[in-house]
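Novice: Dumping the structure here so I can ask a few things about it.
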Amino acid sequence: MNRHFSGAAEAPVQQITITIDGQEVSVPEGSTILTACDAAGKITPTLCYGDTLTPKNACRVCMVELEGSRVLVPSCSRKVQAGMVVKTDSERVRHSRRLVLELLGSSVDLSTTPRIPEWMDRYGADPDRYGPRAGKSHERDIHEPGEHHVGDGSTAATMAQPDKVDNDLYVREYDKCILCYKCVDACGTQWQNTFAIQIAGRGFDSQISTEYAVELPDSACVFCGNCVEVCPTGALSFKSEYDMRAEGTWDEAKQTETTTICTYCGVGCNLNLHVQDNKIVKVTAPHDHDIGHGNLCIKGRFGFAHVQSRKKHGDR
C-alpha cells in the first residue's frame with residue numbers, strides 16, 4: 001500500500017503562450033517574461049536578477065516593451081499572461097538600456113562585471129559623454145544620512161571610495177556597487193536572516209553599510225559569504241581573489257572548477273572549487289542544489305585555506 005497516495009492526480013501545469021518580437025513562445029504558468037525571452041533565445045541583459053532571490057527590479061537593464069503598457073516593464077519580475085505581445089529590441093527598449101548602462105558606467109567601476117563590454121557595444125552606450133569621472137571621496141562614509149553633496153558639473157559623480165579590507169575572508173569594493181540589493185536580501189529574510197547589512201543614506205549618496213558603519217568583524221556578520229555569492233559586479237570578492245587581482249595573477253582562463261561535497265558536517269552542501277595553479281582560489285556553490293541553493297556557511301565558503309597550509313616535512 002502506498003501511504004503517500006493523495007487520492008487525486010496533480011493537475012498538469014498550464015502553458016501560457018505569448019509573442020516576443022513576432023515569435024510565439026509557450027512557458028509554464030507563473031513564469032516571467034525573462035524566462036520566456038530565454039526560451040525564445042533572446043539574450044536579455046540582467047544585473048540585479050538572481051536565480052535564487054526574489055527580483056528587486058533595481059538595475060532596470062532588462063526592461064522590455066509590452067503592448068498596451070504605458071511604461072516599459074521589468075522582464076525579470078513581470079509574470080506572463082496569455083496573449084502578451086512583447087518587444088525586446090525596439091528603439092524605446094534600446095534607448096532605455098543604453099541610458100542605464102551609460103549612467104552606471106559613468107558612476108560605477110564595472111571592470112569586473114561580466115559581459116559589460118558586450119552590452120555597451122550592443123547598445124552603443126558611451127559613459128564618457130558625462131565627462132571625466134570624479135576622484136575617490138574619502139569622506140563618503142561620514143556623510144550624514146540623507147545628505148547630498150552636489151558637484152560642480154565638471155565631472156561625473158561616482159560611487160568611488162577606498163576599498164574596505166577589514167578581515168581576511170572577503171573585501172568590499174563599494175566603488176563597484178550598483179545598489180542591486182542582492183547582498184541585502186541574501187543576508188536578510190530571503191536566506192541568512194542575519195541582517196548585518198542594509199542601505200544607508202538616500203539618493204546618490206546611498207550605499208551598503210553595517211549598523212553604525214562599523215567594520216565587519218564588529219558587526220552582526222557571520223561571514224557566510226552568501227552576499228559574495230550573489231554580487232553581480234565584484235563589489236564583494238574573496239580576499240584571495242582581491243590580492244591576486246592586485247598582483248596581476250588572477251586569470252580565470254587558467255582556472256578549473258570541480259564540484260565536491262563539503263566535509264565539515266553531515267548536511268551535504270555541494271561546493272564548486274575554483275583552482276588555479278594547483279591552488280584553491282575561491283569556493284562557490286551550485287544554485288540548483290536542493291540543500292544549499294548556492295548558500296554556504298563560513299566553513300564551507302572559506303574553510304579551504306587549510307588545504308594550502310600544510311606544514312613541510314620536519315616542521316613542528
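Letters A, B, ... mark the chains of the C-alpha cells in the order given; residue numbers begin at 1 per chain; ligand numbers begin at 1, in order shown.
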Produce a table with one row for each residue of stretch 34-77 of chain A that has an atom at most 12 Å from any atom of stretch 158-177 of chain A, each row naming the nearest atom pair and its distance in Å at one decimal; use only C-alpha atoms; arrange rows by chain and rising residue number; format as JSON lines.

Specialist:
```
{"residue": "A:Leu47", "atom": "CA", "partner": "A:Cys177", "partner_atom": "CA", "distance": 11.0}
{"residue": "A:Cys48", "atom": "CA", "partner": "A:Cys177", "partner_atom": "CA", "distance": 10.9}
{"residue": "A:Cys59", "atom": "CA", "partner": "A:Cys177", "partner_atom": "CA", "distance": 11.2}
```

Novice: Kindly export the residues of the current selection with N, CA and C atoms, as a PDB file, in the first residue's frame.

Specialist:
```
ATOM      1  N   LEU A  47      21.392  42.459 -14.310  1.00  0.00           N
ATOM      2  CA  LEU A  47      22.400  42.696 -13.280  1.00  0.00           C
ATOM      3  C   LEU A  47      21.851  42.363 -11.899  1.00  0.00           C
ATOM      4  N   CYS A  48      20.700  42.938 -11.545  1.00  0.00           N
ATOM      5  CA  CYS A  48      20.163  42.713 -10.202  1.00  0.00           C
ATOM      6  C   CYS A  48      19.398  41.400 -10.096  1.00  0.00           C
ATOM      7  N   CYS A  59      18.059  47.342 -11.144  1.00  0.00           N
ATOM      8  CA  CYS A  59      19.027  47.811 -12.134  1.00  0.00           C
ATOM      9  C   CYS A  59      18.373  48.342 -13.402  1.00  0.00           C
TER      10      CYS A  59
END
```

Novice: Which neighbours of stretch 253-260 of chain A fall inside 12 Å, counting only C-alpha atoms, when residues of the same chain fewer than 5 positions from it are skipped, and could you give them as a ChimeraX atom specification?

Specialist: /A:268-286,289,300

Novice: Looking at only C-alpha atoms, which of A:Glu24, A:Asp38, A:Glu102, A:Asp51 is the one that sits closest to A:Pro232?

Specialist: A:Asp51

Novice: Of the residues A:Ser111, A:Thr44, A:Ser106, A:Thr17, which is the one nearest to A:Met84, using only C-alpha atoms?

Specialist: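 Using only C-alpha atoms, the shortest distance to A:Met84 belongs to A:Thr17.
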
Novice: Which neighbours of A:Arg301 fall inside 7 Å, counting only C-alpha atoms, when residues of the same chain fewer than 2 positions from it are skipped, and could you give them as a PyMOL selection string?

Specialist: chain A and resi 224-225+283-284+296-299+303

Novice: Quote the spacing between atom CA of A:Val230 and atom CA of A:Gly294 in Å to one decimal place.

Specialist: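 Value for the atom CA of A:Val230-atom CA of A:Gly294 distance: 8.6 Å.
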
Novice: Quick one: everything within 12 Å of A:Val184, counting only C-alpha atoms, minus sequence neighbours fewer than 4 positions away in the same chain. Send it as a PyMOL selection string.

Specialist: chain A and resi 48+53-54+56+179-180+188-200+207-210+221+225-228+230-231

Novice: Among stretch 14-53 of chain A, which residues carry a DSSP assignment of helix (DSSP H, G or I), reported as an NGL selection string?

Specialist: :A and (33-39)

Novice: Considering only C-alpha atoms, return as a short mmCIF file (atom, residue, chain, number, x, y, z; two decimals) with N, CA and C atoms, in the first residue's frame whatever protein or nucleic-acid residues lie within 9 Å of A:Val93, sequence-local ones (same chain, fewer than 3 positions apart) excluded.

Specialist:
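Written output follows (part33.cif):
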```cif
data_model
loop_
_atom_site.label_atom_id
_atom_site.label_comp_id
_atom_site.auth_asym_id
_atom_site.auth_seq_id
_atom_site.Cartn_x
_atom_site.Cartn_y
_atom_site.Cartn_z
N CYS A 62 16.87 45.13 -17.83
CA CYS A 62 16.12 44.06 -18.50
C CYS A 62 14.75 44.53 -18.99
N MET A 63 14.53 45.84 -19.00
CA MET A 63 13.22 46.37 -19.37
C MET A 63 12.84 46.00 -20.81
N VAL A 64 11.57 45.70 -21.02
CA VAL A 64 11.06 45.38 -22.35
C VAL A 64 9.78 46.18 -22.59
N GLU A 65 9.40 46.24 -23.85
CA GLU A 65 8.19 46.96 -24.22
C GLU A 65 7.02 45.98 -24.29
N LEU A 72 7.71 50.93 -19.92
CA LEU A 72 8.44 49.68 -20.06
C LEU A 72 8.30 48.86 -18.79
N LYS A 87 8.16 43.35 -27.02
CA LYS A 87 9.26 43.74 -27.89
C LYS A 87 10.51 43.90 -27.03
N THR A 88 11.59 43.25 -27.44
CA THR A 88 12.82 43.29 -26.65
C THR A 88 13.92 44.12 -27.31
N ASP A 89 13.70 44.54 -28.54
CA ASP A 89 14.76 45.25 -29.24
C ASP A 89 14.24 46.47 -30.00
N SER A 90 13.15 47.05 -29.52
CA SER A 90 12.62 48.25 -30.15
C SER A 90 13.52 49.43 -29.81
N SER A 96 16.41 52.93 -23.54
CA SER A 96 16.37 52.76 -22.09
C SER A 96 17.61 52.02 -21.59
N ARG A 97 17.95 50.92 -22.24
CA ARG A 97 19.11 50.13 -21.81
C ARG A 97 20.41 50.92 -22.00
N ARG A 98 20.49 51.65 -23.10
CA ARG A 98 21.69 52.46 -23.35
C ARG A 98 21.88 53.50 -22.26
#
```

Novice: Of the residues A:Ile178, A:Ala213, A:Thr112, A:Ser309, which is the one nearest to A:Glu241, using only C-alpha atoms?

Specialist: A:Thr112

Novice: Could you pull the residues within 12 Å of A:Ala156, counting only C-alpha atoms, minus those fewer than 3 positions along the same chain, as number ranges by chain?

Specialist: A: 102-108, 127-136, 150-153, 159-160, 204

Novice: Please, could you write that set of residues out with C-alpha atoms as an mmCIF file, in the first residue's frame?

Specialist:
```
data_model
loop_
_atom_site.group_PDB
_atom_site.id
_atom_site.type_symbol
_atom_site.label_atom_id
_atom_site.label_comp_id
_atom_site.auth_asym_id
_atom_site.auth_seq_id
_atom_site.Cartn_x
_atom_site.Cartn_y
_atom_site.Cartn_z
ATOM 1 C CA GLU A 102 25.768 54.879 -19.503
ATOM 2 C CA LEU A 103 24.676 56.116 -16.076
ATOM 3 C CA LEU A 104 26.079 53.005 -14.405
ATOM 4 C CA GLY A 105 29.301 53.162 -16.396
ATOM 5 C CA SER A 106 29.879 56.821 -15.550
ATOM 6 C CA SER A 107 29.401 56.348 -11.811
ATOM 7 C CA VAL A 108 30.489 52.770 -11.042
ATOM 8 C CA PRO A 127 29.506 56.642 -20.379
ATOM 9 C CA ASP A 128 32.287 59.115 -21.206
ATOM 10 C CA ARG A 129 29.799 61.605 -22.583
ATOM 11 C CA TYR A 130 29.021 62.633 -18.994
ATOM 12 C CA GLY A 131 32.569 63.901 -18.587
ATOM 13 C CA PRO A 132 35.622 62.607 -16.714
ATOM 14 C CA ARG A 133 34.953 60.578 -13.586
ATOM 15 C CA ALA A 134 35.351 62.328 -10.258
ATOM 16 C CA GLY A 135 38.052 61.011 -7.922
ATOM 17 C CA LYS A 136 37.588 58.952 -4.797
ATOM 18 C CA VAL A 150 26.185 68.490 -5.254
ATOM 19 C CA GLY A 151 29.051 68.536 -7.734
ATOM 20 C CA ASP A 152 30.076 71.477 -9.873
ATOM 21 C CA GLY A 153 29.109 69.804 -13.164
ATOM 22 C CA MET A 159 30.481 55.818 -6.152
ATOM 23 C CA ALA A 160 34.267 55.711 -5.705
ATOM 24 C CA PHE A 204 23.090 59.122 -4.972
#
```

Novice: Can you list, as a PyMOL selection string, all residues belonging to stretch 136-295 of chain A that DSSP tags as strand (DSSP E)?

Specialist: chain A and resi 170-172+197-200+207-210+236-238+256-261+270-276+279-284

Novice: Have a look at A:Tyr181, A:Trp119, A:Phe223, A:Phe238 and name the one nearest to A:Asn57; count only C-alpha atoms.

Specialist: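 Under the stated criterion, the closest residue is A:Tyr181.
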